[in-house]
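coords_26.txt follows (compact mmCIF, C-alpha atoms and all ligand atoms):
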# COMPACT_ATOMS: atom_id res chain seq x y z
CA MET A 1 0.00 0.00 0.00
CA ASP A 2 1.35 3.43 -0.90
CA LEU A 3 1.24 6.50 1.31
CA LEU A 4 -1.75 8.05 -0.51
CA THR A 5 -3.89 4.96 0.12
CA GLY A 6 -2.83 4.98 3.76
CA LEU A 7 -3.79 8.64 4.11
CA LEU A 8 -7.16 8.04 2.47
CA LEU A 9 -7.83 5.14 4.83
CA ALA A 10 -6.87 7.29 7.82
CA LEU A 11 -9.20 10.07 6.62
CA TYR A 12 -11.93 7.52 6.07
CA MET A 13 -11.43 6.22 9.62
CA SER A 14 -11.68 9.74 11.05
CA PHE A 15 -14.88 10.32 9.09
CA ALA A 16 -16.37 7.02 10.33
CA LEU A 17 -15.47 7.79 13.96
CA GLY A 18 -16.81 11.33 13.64
CA THR A 19 -20.11 9.98 12.36
CA PHE A 20 -20.18 7.46 15.18
CA PHE A 21 -19.65 10.27 17.71
CA LEU A 22 -22.51 12.28 16.24
CA VAL A 23 -24.88 9.33 16.19
CA CYS A 24 -24.08 7.47 19.37
CA VAL A 25 -22.14 9.66 21.80
CA SER A 26 -23.06 13.29 21.17
CA ASP A 27 -25.45 14.76 23.74
CA THR A 28 -26.15 18.50 23.53
CA SER A 29 -28.31 18.41 26.67
CA ASN A 30 -25.34 17.29 28.77
CA ALA A 31 -24.23 20.03 31.16
CA GLY A 32 -20.60 18.84 31.28
CA ILE A 33 -17.67 18.73 28.87
CA LEU A 34 -19.50 16.20 26.61
CA GLY A 35 -22.31 18.73 26.12
CA LYS A 36 -19.82 21.50 25.21
CA ILE A 37 -18.04 19.26 22.70
CA SER A 38 -21.40 18.13 21.29
CA LEU A 39 -22.62 21.72 20.90
CA PHE A 40 -19.36 22.70 19.20
CA VAL A 41 -19.56 19.73 16.81
CA GLU A 42 -23.30 19.90 16.11
CA GLU A 43 -23.94 23.65 16.09
CA ASP A 44 -20.76 25.74 15.90
CA ILE A 45 -18.98 23.77 13.15
CA PRO A 46 -22.09 23.56 10.86
CA GLY A 47 -22.60 27.30 11.48
CA TYR A 48 -19.05 28.15 10.33
CA ILE A 49 -19.36 25.82 7.33
CA SER A 50 -22.68 27.47 6.42
CA ILE A 51 -21.08 30.95 6.44
CA VAL A 52 -18.13 29.75 4.35
CA VAL A 53 -20.38 28.01 1.76
CA ARG A 54 -22.69 31.03 1.43
CA THR A 55 -19.73 33.41 1.08
CA ILE A 56 -17.77 31.35 -1.45
CA PHE A 57 -20.47 29.53 -3.49
CA GLY A 58 -23.51 31.84 -3.23
CA LYS A 59 -27.09 31.54 -1.96
CA GLN A 60 -28.31 28.87 -4.39
CA CYS A 61 -25.55 26.44 -3.53
CA HIS A 62 -26.06 27.23 0.15
CA ALA A 63 -29.79 26.38 -0.09
CA TYR A 64 -29.00 23.11 -1.87
CA CYS A 65 -26.49 22.16 0.85
CA ARG A 66 -28.98 23.05 3.60
CA ASP A 67 -31.73 20.89 2.03
CA SER A 68 -29.28 18.01 1.69
CA TYR A 69 -28.24 18.41 5.34
CA ASP A 70 -31.90 18.39 6.46
CA TYR A 71 -32.53 15.21 4.47
CA ILE A 72 -29.50 13.47 5.98
CA VAL A 73 -30.05 14.57 9.58
CA HIS A 74 -33.79 15.15 9.99
CA GLU A 75 -35.43 12.56 7.73
CA ARG A 76 -35.40 8.79 7.62
CA ASN A 77 -32.95 7.74 4.94
CA PRO A 78 -30.67 4.78 4.23
CA LEU A 79 -27.46 6.82 3.88
CA LEU A 80 -25.88 5.74 7.15
CA GLN A 81 -26.89 2.14 6.54
CA LEU A 82 -24.99 2.38 3.27
CA LEU A 83 -22.09 4.05 5.06
CA TYR A 84 -21.97 1.19 7.56
CA LEU A 85 -21.86 -1.37 4.73
CA PHE A 86 -19.19 0.72 3.01
CA ILE A 87 -17.03 0.82 6.16
CA LEU A 88 -17.41 -2.87 6.98
CA ASN A 89 -16.95 -4.15 3.46
CA GLY A 90 -14.25 -1.59 2.71
CA ALA A 91 -12.29 -2.83 5.73
CA TYR A 92 -12.82 -6.45 4.69
CA ILE A 93 -11.79 -5.83 1.07
CA SER A 94 -8.68 -4.00 2.32
CA TRP A 95 -7.94 -7.05 4.43
CA LEU A 96 -8.33 -9.37 1.41
CA LEU A 97 -6.05 -7.15 -0.69
CA TYR A 98 -3.34 -6.24 1.80
CA GLY A 99 -3.53 -8.53 4.82
CA GLN A 100 -4.76 -12.04 4.09
CA LYS A 101 -1.95 -12.87 1.64
CA HIS A 102 0.60 -12.65 4.48
CA LEU A 103 -1.13 -15.23 6.70
CA SER A 104 0.60 -18.26 5.19
CA THR A 105 4.07 -16.73 5.35
CA MET A 106 4.07 -15.04 8.75
CA TYR A 107 5.49 -16.67 11.86
CA LEU A 108 2.68 -16.48 14.45
CA VAL A 109 -0.43 -16.78 12.23
CA SER A 110 -1.95 -19.27 9.81
CA ASP A 111 -4.60 -19.55 7.09
CA ILE A 112 -7.25 -20.48 9.64
CA HIS A 113 -7.78 -16.74 10.29
CA ALA A 114 -8.94 -16.27 6.69
CA TYR A 115 -11.88 -18.59 7.33
CA ILE A 116 -12.66 -17.15 10.77
CA ALA A 117 -12.63 -13.60 9.39
CA PHE A 118 -15.04 -14.64 6.63
CA ILE A 119 -17.44 -16.20 9.18
CA PHE A 120 -17.28 -13.03 11.30
CA ILE A 121 -18.10 -10.84 8.31
CA MET A 122 -21.13 -13.00 7.56
CA LEU A 123 -22.24 -12.76 11.21
CA CYS A 124 -21.84 -8.97 11.16
CA HIS A 125 -24.05 -8.72 8.08
CA PHE A 126 -26.61 -11.09 9.59
CA SER A 127 -26.83 -9.19 12.89
CA PHE A 128 -27.14 -5.92 10.94
CA TYR A 129 -29.97 -7.41 8.89
CA LEU A 130 -31.81 -8.61 12.03
CA ALA A 131 -31.42 -5.25 13.77
CA CYS A 132 -32.60 -3.32 10.69
CA LYS A 133 -35.49 -5.56 9.75
CA THR A 134 -37.00 -6.41 13.15
CA SER A 135 -39.62 -3.87 14.08
CA PRO A 136 -39.24 -2.19 17.48
CA GLY A 137 -43.01 -2.53 17.88
CA VAL A 138 -45.66 -0.05 16.80
CA ILE A 139 -48.39 1.12 19.15
CA THR A 140 -51.75 1.16 17.42
CA ASN A 141 -55.32 0.79 18.67
CA GLU A 142 -55.00 -2.94 18.00
CA SER A 143 -51.64 -3.44 19.71
CA LEU A 144 -52.17 -1.02 22.62
CA ASN A 145 -53.30 -3.71 25.08
CA LYS A 146 -50.30 -5.86 24.25
CA PHE A 147 -47.81 -3.07 25.01
CA ASN A 148 -49.68 -1.42 27.87
CA TYR A 149 -48.42 -3.70 30.66
CA GLN A 150 -46.00 -1.40 32.51
CA PRO A 151 -47.21 0.51 35.58
CA TYR A 152 -47.02 4.32 35.47
CA ASP A 153 -44.43 5.70 37.87
CA ASP A 154 -46.02 9.18 37.96
CA ILE A 155 -42.55 10.67 37.65
CA LEU A 156 -41.48 10.11 34.05
CA PHE A 157 -44.73 8.60 32.82
CA GLU A 158 -48.26 9.51 33.73
CA LYS A 159 -51.52 7.83 32.92
CA ASN A 160 -53.98 9.23 30.35
CA ASN A 161 -51.22 10.82 28.31
CA ILE A 162 -52.46 10.88 24.73
CA CYS A 163 -50.02 11.07 21.80
CA LYS A 164 -51.00 14.12 19.75
CA SER A 165 -49.76 12.57 16.51
CA CYS A 166 -51.19 9.04 16.87
CA ASN A 167 -54.16 10.00 19.06
CA ILE A 168 -53.53 6.93 21.20
CA GLU A 169 -52.84 6.61 24.90
CA LYS A 170 -49.13 6.31 25.53
CA PRO A 171 -48.16 3.22 27.53
CA ALA A 172 -45.54 3.80 30.23
CA ARG A 173 -41.96 3.86 28.84
CA SER A 174 -43.16 4.44 25.27
CA LYS A 175 -42.36 7.48 23.11
CA HIS A 176 -43.51 8.93 19.82
CA CYS A 177 -40.73 9.00 17.21
CA SER A 178 -41.11 12.00 14.93
CA LEU A 179 -38.90 10.38 12.25
CA CYS A 180 -40.83 7.09 12.14
CA ASN A 181 -44.11 8.89 12.93
CA HIS A 182 -45.47 6.36 15.37
CA CYS A 183 -45.30 5.54 19.06
CA VAL A 184 -42.75 2.90 20.04
CA PRO A 185 -43.04 0.67 23.14
CA LEU A 186 -40.08 0.72 25.52
CA PHE A 187 -38.49 3.35 23.30
CA ASP A 188 -34.71 3.50 23.58
CA HIS A 189 -33.61 5.76 20.72
CA HIS A 190 -33.96 6.28 16.97
CA CYS A 191 -30.84 4.72 15.47
CA VAL A 192 -29.82 6.28 12.17
CA TRP A 193 -27.43 3.39 11.47
CA LEU A 194 -30.45 1.04 11.48
CA ASN A 195 -32.78 3.66 9.99
CA GLN A 196 -35.42 2.84 12.55
CA CYS A 197 -36.17 3.03 16.25
CA VAL A 198 -34.75 0.70 18.86
CA GLY A 199 -37.57 -0.38 21.12
CA GLU A 200 -39.12 -3.30 22.94
CA LEU A 201 -39.06 -5.90 20.16
CA ASN A 202 -35.69 -5.21 18.54
CA TYR A 203 -33.53 -4.06 21.45
CA LYS A 204 -32.02 -7.55 21.77
CA TYR A 205 -31.05 -7.54 18.09
CA PHE A 206 -29.52 -4.10 18.49
CA LEU A 207 -27.41 -5.49 21.36
CA LEU A 208 -26.55 -8.57 19.30
CA PHE A 209 -25.44 -6.25 16.49
CA LEU A 210 -23.14 -4.36 18.89
CA LEU A 211 -21.81 -7.54 20.53
CA THR A 212 -21.04 -9.21 17.18
CA HIS A 213 -19.03 -6.16 16.09
CA VAL A 214 -17.23 -5.83 19.43
CA VAL A 215 -16.07 -9.46 19.24
CA PHE A 216 -15.19 -9.17 15.56
CA PHE A 217 -13.14 -5.99 15.96
CA ALA A 218 -11.41 -7.39 19.06
CA TYR A 219 -10.53 -10.54 17.11
CA ALA A 220 -9.38 -8.52 14.06
CA SER A 221 -7.20 -6.29 16.30
CA TYR A 222 -5.67 -9.41 17.86
CA VAL A 223 -4.84 -11.06 14.51
CA LEU A 224 -3.39 -7.86 13.01
CA THR A 225 -1.26 -7.36 16.12
CA LEU A 226 -0.03 -10.96 15.84
CA MET A 227 0.91 -10.34 12.22
CA LEU A 228 2.99 -7.28 13.10
CA VAL A 229 4.58 -8.99 16.10
CA SER A 230 5.41 -12.00 13.87
CA GLU A 231 7.78 -9.83 11.92
CA ILE A 232 9.65 -8.90 15.09
CA TYR A 233 10.00 -12.40 16.54
CA ASP A 234 10.36 -14.45 13.35
CA PRO A 235 13.72 -16.31 13.79
CA LYS A 236 14.25 -16.25 10.01
CA ILE A 237 14.12 -12.45 9.97
CA GLU A 238 15.73 -11.59 13.32
CA LEU A 239 14.59 -8.01 12.96
CA MET A 240 16.11 -6.86 16.25
CA LYS A 241 19.60 -7.99 15.27
CA ARG A 242 19.52 -6.32 11.86
CA THR A 243 20.81 -2.87 11.04
CA PHE A 244 19.02 -0.32 8.85
CA SER A 245 20.33 2.61 6.89
CA ILE A 246 18.35 5.84 7.03
CA ALA A 247 17.23 7.10 3.62
CA GLY A 248 19.06 10.26 2.51
CA THR A 249 21.92 9.78 4.93
CA ASN A 250 24.53 7.10 5.40
CA GLU A 251 23.62 6.68 9.04
CA THR A 252 22.89 3.11 10.20
CA VAL A 253 20.69 2.16 13.17
CA ARG A 254 20.13 -1.14 14.96
CA GLY A 255 16.72 -2.84 14.84
CA ASP A 256 16.41 -3.21 18.60
CA LYS A 257 14.99 0.28 19.05
CA LEU A 258 11.22 0.77 19.19
CA HIS A 259 11.00 3.73 16.81
CA VAL A 260 13.14 1.84 14.26
CA ILE A 261 10.85 -1.19 14.43
CA LEU A 262 7.71 0.97 14.14
CA ASN A 263 9.15 2.82 11.14
CA TYR A 264 10.08 -0.48 9.50
CA LEU A 265 6.62 -2.02 10.08
CA LEU A 266 4.82 1.12 8.92
CA SER A 267 6.78 1.28 5.66
CA LYS A 268 6.65 -2.44 4.91
CA TYR A 269 3.08 -3.21 6.10
CA THR A 270 1.29 0.15 5.75
CA GLY A 271 -1.98 -1.59 4.90
CA ILE A 272 -1.92 -3.81 7.98
CA VAL A 273 -0.98 -0.91 10.30
CA VAL A 274 -3.77 1.33 8.94
CA LEU A 275 -6.23 -1.55 9.10
CA PHE A 276 -5.21 -2.21 12.70
CA LEU A 277 -5.81 1.47 13.60
CA LEU A 278 -9.23 1.31 11.92
CA VAL A 279 -10.47 -1.89 13.59
CA PHE A 280 -8.98 -1.06 17.00
CA SER A 281 -10.65 2.38 16.96
CA MET A 282 -13.93 0.75 15.98
CA PHE A 283 -13.47 -1.81 18.74
CA LEU A 284 -12.98 0.88 21.39
CA ALA A 285 -15.93 2.95 20.18
CA ILE A 286 -18.41 0.09 19.86
CA ALA A 287 -17.23 -1.68 23.02
CA GLY A 288 -17.80 1.57 24.93
CA PHE A 289 -21.28 1.88 23.47
CA PHE A 290 -22.07 -1.78 24.19
CA LEU A 291 -20.90 -1.44 27.82
CA TYR A 292 -23.01 1.70 28.15
CA HIS A 293 -26.10 -0.29 27.11
CA LEU A 294 -25.22 -3.06 29.57
CA TYR A 295 -25.05 -0.34 32.22
CA LEU A 296 -28.48 0.93 31.15
CA ILE A 297 -29.86 -2.61 31.51
CA ALA A 298 -28.24 -2.87 34.94
CA ILE A 299 -29.98 0.31 36.14
CA GLY A 300 -33.27 -0.47 34.37
CA GLN A 301 -33.36 2.56 32.12
CA THR A 302 -33.65 3.20 28.41
CA SER A 303 -31.50 5.85 26.70
CA ASN A 304 -34.64 7.99 26.48
CA GLU A 305 -35.24 7.65 30.20
CA THR A 306 -31.66 8.63 31.11
CA TYR A 307 -32.32 12.11 29.66
CA LYS A 308 -35.52 12.35 31.67
CA TRP A 309 -33.90 11.15 34.89
CA ALA A 310 -31.09 13.66 34.35
CA ALA A 311 -33.70 16.42 34.15
CA VAL A 312 -35.47 15.10 37.25
CA LYS A 313 -32.16 15.02 39.10
CA ARG A 314 -31.40 18.63 38.15
CA THR A 315 -34.78 19.75 39.42
CA TYR A 316 -34.42 17.70 42.58
CA LYS A 317 -31.01 19.27 43.34
CA LYS A 318 -32.46 22.72 42.76
CA MET A 319 -35.40 22.03 45.06
CA LEU A 320 -33.09 20.64 47.74
CA HIS A 321 -30.75 23.63 47.43
CA ASN A 322 -33.67 26.10 47.70
CA TYR A 323 -35.06 24.26 50.70
CA LYS A 324 -31.70 24.11 52.52
CA THR A 325 -30.95 27.77 51.78
CA TYR A 326 -34.37 28.74 53.08
CA GLN A 327 -33.86 26.70 56.27
CA ALA A 328 -30.34 28.05 56.77
CA SER A 329 -31.63 31.62 56.64
CA GLY A 330 -33.60 30.94 59.80
CA ASN A 331 -36.96 30.35 58.13
CA ARG A 332 -38.96 27.23 58.66
CA ASN A 333 -41.37 25.37 56.46
CA GLU A 334 -43.15 23.00 58.79
CA ALA A 335 -44.71 21.01 55.96
CA GLY A 336 -43.18 17.53 55.73
CA PRO A 337 -41.37 16.09 52.71
CA SER A 338 -43.43 16.72 49.60
CA ASN A 339 -42.22 13.74 47.56
CA ALA A 340 -43.86 15.55 44.71
CA ILE A 341 -41.10 15.73 42.13
CA LYS A 342 -42.33 14.69 38.76
CA TYR A 343 -41.85 15.15 35.11
CA GLU A 344 -44.05 17.31 32.97
CA GLY A 345 -43.79 18.00 29.29
CA ASP A 346 -44.62 16.95 25.81
CA ASP A 347 -42.87 13.71 25.00
CA ASP A 348 -42.78 14.65 21.32
CA ASN A 349 -40.64 17.67 22.06
CA HIS A 350 -37.98 18.57 24.55
CA VAL A 351 -39.32 17.40 27.86
CA GLY A 352 -38.99 19.74 30.75
CA CYS A 353 -39.02 18.79 34.36
CA VAL A 354 -40.80 20.94 36.87
CA PRO A 355 -41.70 20.33 40.49
CA SER A 356 -45.43 19.90 40.96
CA GLU A 357 -45.14 21.75 44.24
CA GLY A 358 -42.48 24.04 45.67
CA PRO A 359 -41.02 27.47 45.05
CA SER A 360 -43.01 29.75 42.82
CA ASN A 361 -41.50 32.38 40.54
CA SER A 362 -44.22 34.84 41.40
CA VAL A 363 -43.38 37.31 44.18
CA ASP A 364 -47.05 37.82 45.00
CA THR A 365 -47.77 34.13 45.52
CA PHE A 366 -44.50 33.11 47.14
CA THR A 367 -44.65 29.77 48.88
CA PRO A 368 -41.75 28.60 51.01
CA PRO A 369 -39.60 25.87 49.44
CA SER A 370 -40.65 22.48 50.71
CA ASP A 371 -38.45 19.53 51.55
CA PRO A 372 -38.22 17.41 48.36
CA GLY A 373 -37.66 14.30 50.52
CA GLU A 374 -35.74 11.30 49.25
CA PHE A 375 -34.88 11.09 45.56
CA PRO A 376 -37.59 8.91 43.96
CA PRO A 377 -36.62 5.34 43.00
CA ASN A 378 -36.81 3.88 39.50
CA ILE A 379 -39.66 1.39 39.75
CA TYR A 380 -38.72 -0.18 36.41
CA ASN A 381 -35.40 -1.46 37.71
CA LYS A 382 -35.92 -5.12 38.67
CA GLY A 383 -32.23 -6.00 38.92
CA PHE A 384 -29.75 -6.82 36.16
CA TYR A 385 -30.87 -10.42 35.58
CA ASN A 386 -34.59 -9.61 35.36
CA ASN A 387 -33.94 -6.51 33.24
CA LEU A 388 -31.83 -8.59 30.85
CA CYS A 389 -34.54 -11.28 30.68
CA SER A 390 -37.05 -8.57 29.74
CA VAL A 391 -34.77 -7.50 26.90
CA ILE A 392 -34.27 -11.03 25.56
CA PHE A 393 -37.86 -12.14 26.15
CA PRO A 394 -39.98 -8.99 25.71
CA HIS A 395 -43.03 -9.03 27.96
CA SER A 396 -45.40 -8.22 25.10
CA GLN A 397 -44.29 -11.37 23.26
CA ARG A 398 -44.85 -13.69 26.17
CA LYS A 399 -48.05 -15.70 26.13
CA VAL A 400 -49.01 -14.48 29.60
CA ALA A 401 -48.67 -10.81 28.59
CA SER A 402 -51.71 -8.85 29.65
CA PRO A 403 -52.53 -5.26 30.57
CA VAL A 404 -51.90 -4.05 34.12
CA LYS A 405 -55.61 -3.74 34.89
CA ASN A 406 -56.29 -7.34 33.94
CA ARG A 407 -53.32 -8.57 35.95
CA LYS A 408 -54.60 -6.83 39.05
CA ASN A 409 -58.06 -8.31 38.53
CA THR A 410 -56.57 -11.76 38.09
CA LYS A 411 -54.60 -11.40 41.32
CA ARG A 412 -57.73 -10.39 43.20
CA LYS A 413 -59.60 -13.37 41.85
CA GLN A 414 -56.83 -15.72 42.89
CA THR A 415 -56.66 -14.42 46.49
ZN ZN A 501 -47.39 8.66 18.62
ZN ZN A 502 -37.79 6.22 14.87

Represent the structure from my file as C-alpha cells, please.
Ligand SMILES: [Zn+2]
Ligand SMILES: [Zn+2]
Amino acid sequence: MDLLTGLLLALYMSFALGTFFLVCVSDTSNAGILGKISLFVEEDIPGYISIVVRTIFGKQCHAYCRDSYDYIVHERNPLLQLLYLFILNGAYISWLLYGQKHLSTMYLVSDIHAYIAFIFIMLCHFSFYLACKTSPGVITNESLNKFNYQPYDDILFEKNNICKSCNIEKPARSKHCSLCNHCVPLFDHHCVWLNQCVGELNYKYFLLFLLTHVVFFAYASYVLTLMLVSEIYDPKIELMKRTFSIAGTNETVRGDKLHVILNYLLSKYTGIVVLFLLVFSMFLAIAGFFLYHLYLIAIGQTSNETYKWAAVKRTYKKMLHNYKTYQASGNRNEAGPSNAIKYEGDDDNHVGCVPSEGPSNSVDTFTPPSDPGEFPPNIYNKGFYNNLCSVIFPHSQRKVASPVKNRKNTKRKQT
C-alpha cells in the first residue's frame, strides 16, 4: 500500500469515527464537557461551514447544501446504513487485498484466520440485517393492550397521556418517534445506522449487532497485532539484530529500538498498520457503546429515560438547594417532605421537568420551598438479571402478557 492509500484510509477512519460520535455519543443536553463538545460539533462547526459556503459559493448552492443536510439529519434515509456497509466491506476488502496474503508466510499466524474472518463478516451482516429488519413494535389501537403492561411511575410517565400525533394513549416507557411517525413501546432511541427506532421488540437484536461487532473488531485487532509482532520475533528475519540505513543519509541504526521497528513495520506493512488502527478504533468505540447499554440494563433505564432522569435530578437538586438555603436563613417550612417531584412535558418535544409543588417564581404568591424528601426510586429497575430477561424475552411477546388492569383483577380473583 502506498502512502496516498494509507492517508485516504486514515481520513476515512476519522470520518467514520466522527459519524459514530454524532450518532451514538453526542449529547447536547449534557451540562458537562460532553455537552460542550457536542454543541461545538453539532452547532458551531455547521454554522461556520454554512457561512463559508454562502460566502464562497452563493445563496443557491447554500440552499442546496442546507436541504441536503436536512434530508440526511432530519429525515429517515438509508445513507448511514450504506455508510456502515461501506465501512465494513471496505475494511474487509482491504484485508483481502493487503492482509490475508501474508497469513501463510508469517510466523505467528496461519490460514485459519482467513476462514474465521469470513465467518465473522457473515455474522456482522446477519446481525445488521436482524437489527434493521426487526420492528421495534408499533403502538396502534390494535396493539395497545399488548404493550400497555408497565405501571405508570407518575414521575417520568403519567396515565392518560395521549399522543398528539397518533391520538392513542401512551403506555408507560413508550415514546412517539417523529422520524418514524409512530409511538414505540419501551423506546430507547432512533438509530440512524439502522434507519429505525430501537424499542421493545428489537432491542435484543440491536445489542446482538453491537456484541457481534465488538467481538469481531477485538478478534481482528488481535490477529493484526499478531501479524505485526510475527515480523519482530520471526527467527528467520531476526529483525532486532539487523541494522538499517536511514534514507538520505549514510547513518545506520540497529533494529532493537522501538522507533526503528515501528518505522520499518509502517513502511513495509502500511496496509496492515492502517487496518489495525481502523479496527482497533472501531473496537474501542463500539465496546464503549455496548458497555453503556449493559449499564443501562443494569440500572433499568432506556436511553430515552436517562435524559428524563437527568432532568429530574437537576430539578431535585435545585429544590433541595432552595429548601436548605431557606432553612439556613432561619426560616422554617413546617410542611413535611413533599415527595412531589415529577416530570411534565410533551414527550414529542424537549421534555422539561418541573416540580409539581415548591417554590413559585411569582413574588405575589411566594410559597416557602418544601423539603423534596428522598430522591424517587426507579420502579422499572428489577435487577440486572430480570432486566436482561425482559430484553431477551420482551413481555409483550410472552403468552401471559396482559394489561396491568387485567393482571390486578386476576390477582384479586386468585386471592
Ligand atoms: Zn405517537
Ligand atoms: Zn424512529

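Nearest to Ser104 (chain A) of all the residues A:Thr252, A:Asn161, A:Ser230, A:Thr55 is A:Ser230, counting all atoms listed in the file.
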
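The interatomic distance for the pair CA of Phe21 (chain A) and CA of Leu156 (chain A) works out to 27.3 Å.
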
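Close contacts of region 378-390 of chain A, defined as residues with an atom at most 6 Å away when counting all atoms listed in the file, with chain neighbours fewer than 4 positions off set aside, comprise Ile297, Ala298, Ile299, Gly300 and Pro394 of chain A.
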
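Shortest separation to Ser281 (chain A) among A:Met122, A:Val214, A:Leu130, A:Leu179 occurs at residue A:Val214, atoms counted being only C-alpha atoms.
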
Checklist line | Test item: residues lying within 10 Å of ligand ZN 502 (chain A) with all atoms listed in the file, as a PyMOL selection string | finding: chain A and resi 75-76+136+175-184+187-192+194-199

Would you output that residue set with C-alpha atoms, as a JSON list (two decimals), keeping the file's coordinate frame?
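Done, and the output landed in selection.json:
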[["chain", "number", "residue", "atom", "x", "y", "z"],
["A", 75, "GLU", "CA", -35.43, 12.56, 7.73],
["A", 76, "ARG", "CA", -35.40, 8.79, 7.62],
["A", 136, "PRO", "CA", -39.24, -2.19, 17.48],
["A", 175, "LYS", "CA", -42.36, 7.48, 23.11],
["A", 176, "HIS", "CA", -43.51, 8.93, 19.82],
["A", 177, "CYS", "CA", -40.73, 9.00, 17.21],
["A", 178, "SER", "CA", -41.11, 12.00, 14.93],
["A", 179, "LEU", "CA", -38.90, 10.38, 12.25],
["A", 180, "CYS", "CA", -40.83, 7.09, 12.14],
["A", 181, "ASN", "CA", -44.11, 8.89, 12.93],
["A", 182, "HIS", "CA", -45.47, 6.36, 15.37],
["A", 183, "CYS", "CA", -45.30, 5.54, 19.06],
["A", 184, "VAL", "CA", -42.75, 2.90, 20.04],
["A", 187, "PHE", "CA", -38.49, 3.35, 23.30],
["A", 188, "ASP", "CA", -34.71, 3.50, 23.58],
["A", 189, "HIS", "CA", -33.61, 5.76, 20.72],
["A", 190, "HIS", "CA", -33.96, 6.28, 16.97],
["A", 191, "CYS", "CA", -30.84, 4.72, 15.47],
["A", 192, "VAL", "CA", -29.82, 6.28, 12.17],
["A", 194, "LEU", "CA", -30.45, 1.04, 11.48],
["A", 195, "ASN", "CA", -32.78, 3.66, 9.99],
["A", 196, "GLN", "CA", -35.42, 2.84, 12.55],
["A", 197, "CYS", "CA", -36.17, 3.03, 16.25],
["A", 198, "VAL", "CA", -34.75, 0.70, 18.86],
["A", 199, "GLY", "CA", -37.57, -0.38, 21.12]]

Next item on the list: Could you give me, as a list in words, the residues within 12 Å of Ile232 (chain A), counting all atoms listed in the file and dropping anything in the same chain fewer than 5 positions from it?
Entry: Met106, Tyr107, Leu108, Thr225, Leu226, Met227, Ile237, Glu238, Leu239, Met240, Lys241, Arg242, Gly255, Asp256, Lys257, Leu258, Val260, Ile261, Leu262, Tyr264 and Leu265 of chain A

What does the file look like for those residues with C-alpha atoms, as a PDB file, in the coordinates of the input?
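Once everything was written out, this is out_5.pdb:
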ATOM      1  CA  MET A 106       4.070 -15.040   8.750  1.00  0.00           C
ATOM      2  CA  TYR A 107       5.490 -16.670  11.860  1.00  0.00           C
ATOM      3  CA  LEU A 108       2.680 -16.480  14.450  1.00  0.00           C
ATOM      4  CA  THR A 225      -1.260  -7.360  16.120  1.00  0.00           C
ATOM      5  CA  LEU A 226      -0.030 -10.960  15.840  1.00  0.00           C
ATOM      6  CA  MET A 227       0.910 -10.340  12.220  1.00  0.00           C
ATOM      7  CA  ILE A 237      14.120 -12.450   9.970  1.00  0.00           C
ATOM      8  CA  GLU A 238      15.730 -11.590  13.320  1.00  0.00           C
ATOM      9  CA  LEU A 239      14.590  -8.010  12.960  1.00  0.00           C
ATOM     10  CA  MET A 240      16.110  -6.860  16.250  1.00  0.00           C
ATOM     11  CA  LYS A 241      19.600  -7.990  15.270  1.00  0.00           C
ATOM     12  CA  ARG A 242      19.520  -6.320  11.860  1.00  0.00           C
ATOM     13  CA  GLY A 255      16.720  -2.840  14.840  1.00  0.00           C
ATOM     14  CA  ASP A 256      16.410  -3.210  18.600  1.00  0.00           C
ATOM     15  CA  LYS A 257      14.990   0.280  19.050  1.00  0.00           C
ATOM     16  CA  LEU A 258      11.220   0.770  19.190  1.00  0.00           C
ATOM     17  CA  VAL A 260      13.140   1.840  14.260  1.00  0.00           C
ATOM     18  CA  ILE A 261      10.850  -1.190  14.430  1.00  0.00           C
ATOM     19  CA  LEU A 262       7.710   0.970  14.140  1.00  0.00           C
ATOM     20  CA  TYR A 264      10.080  -0.480   9.500  1.00  0.00           C
ATOM     21  CA  LEU A 265       6.620  -2.020  10.080  1.00  0.00           C
TER      22      LEU A 265
END

Note to self: I'd like the neighbourhood of Cys132 (chain A) as an MDAnalysis selection string, where a residue qualifies if any of its atoms comes within 9 Å (using all atoms listed in the file), though same-chain residues fewer than 2 positions away should be ignored.
What the structure shows: chainID A and resid 81 127:130 134:135 193:196 202 205:206

Mind dumping the selected residues with C-alpha atoms as a compact mmCIF listing (two decimals), keeping the file's coordinate frame?
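The resulting file, result37.txt, is reproduced below:
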# COMPACT_ATOMS: atom_id res chain seq x y z
CA GLN A 81 -26.89 2.14 6.54
CA SER A 127 -26.83 -9.19 12.89
CA PHE A 128 -27.14 -5.92 10.94
CA TYR A 129 -29.97 -7.41 8.89
CA LEU A 130 -31.81 -8.61 12.03
CA THR A 134 -37.00 -6.41 13.15
CA SER A 135 -39.62 -3.87 14.08
CA TRP A 193 -27.43 3.39 11.47
CA LEU A 194 -30.45 1.04 11.48
CA ASN A 195 -32.78 3.66 9.99
CA GLN A 196 -35.42 2.84 12.55
CA ASN A 202 -35.69 -5.21 18.54
CA TYR A 205 -31.05 -7.54 18.09
CA PHE A 206 -29.52 -4.10 18.49

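Between CA of Ile392 (chain A) and CA of Lys204 (chain A) lies a distance of 5.6 Å.
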
Would you compute an axis-aligned box for region 172-186 of chain A, covering every atom listed for it in the file with 4 Å of margin on each side, and report centre and edge lengths in Å to one decimal as lines of an AutoDock Vina configuration file?
center_x = -42.2
center_y = 6.3
center_z = 21.2
size_x = 14.6
size_y = 19.3
size_z = 26.1

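The shortest atom-to-atom distance to Phe289 (chain A), with all atoms listed in the file taken into account, belongs to A:His213 out of A:Lys317, A:Arg254, A:Lys164, A:His213.
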
Notebook entry, point to check: Pick from A:Leu97, A:Met13, A:Leu144, A:Leu4: nearest to ligand ZN 501 (chain A), with only C-alpha atoms and all ligand atoms counted?
Noted result: A:Leu144

Neighbouring residues of Leu17 (chain A) were defined as those with any atom within 9 Å, considering only C-alpha atoms; residues of the same chain fewer than 5 positions away were excluded. Please report them as an mmCIF file with C-alpha atoms, keeping the file's coordinate frame.
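Just written: part11.cif:
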data_model
loop_
_atom_site.group_PDB
_atom_site.id
_atom_site.type_symbol
_atom_site.label_atom_id
_atom_site.label_comp_id
_atom_site.auth_asym_id
_atom_site.auth_seq_id
_atom_site.Cartn_x
_atom_site.Cartn_y
_atom_site.Cartn_z
ATOM 1 C CA TYR A 12 -11.930 7.520 6.070
ATOM 2 C CA LEU A 22 -22.510 12.280 16.240
ATOM 3 C CA SER A 281 -10.650 2.380 16.960
ATOM 4 C CA MET A 282 -13.930 0.750 15.980
ATOM 5 C CA ALA A 285 -15.930 2.950 20.180
#
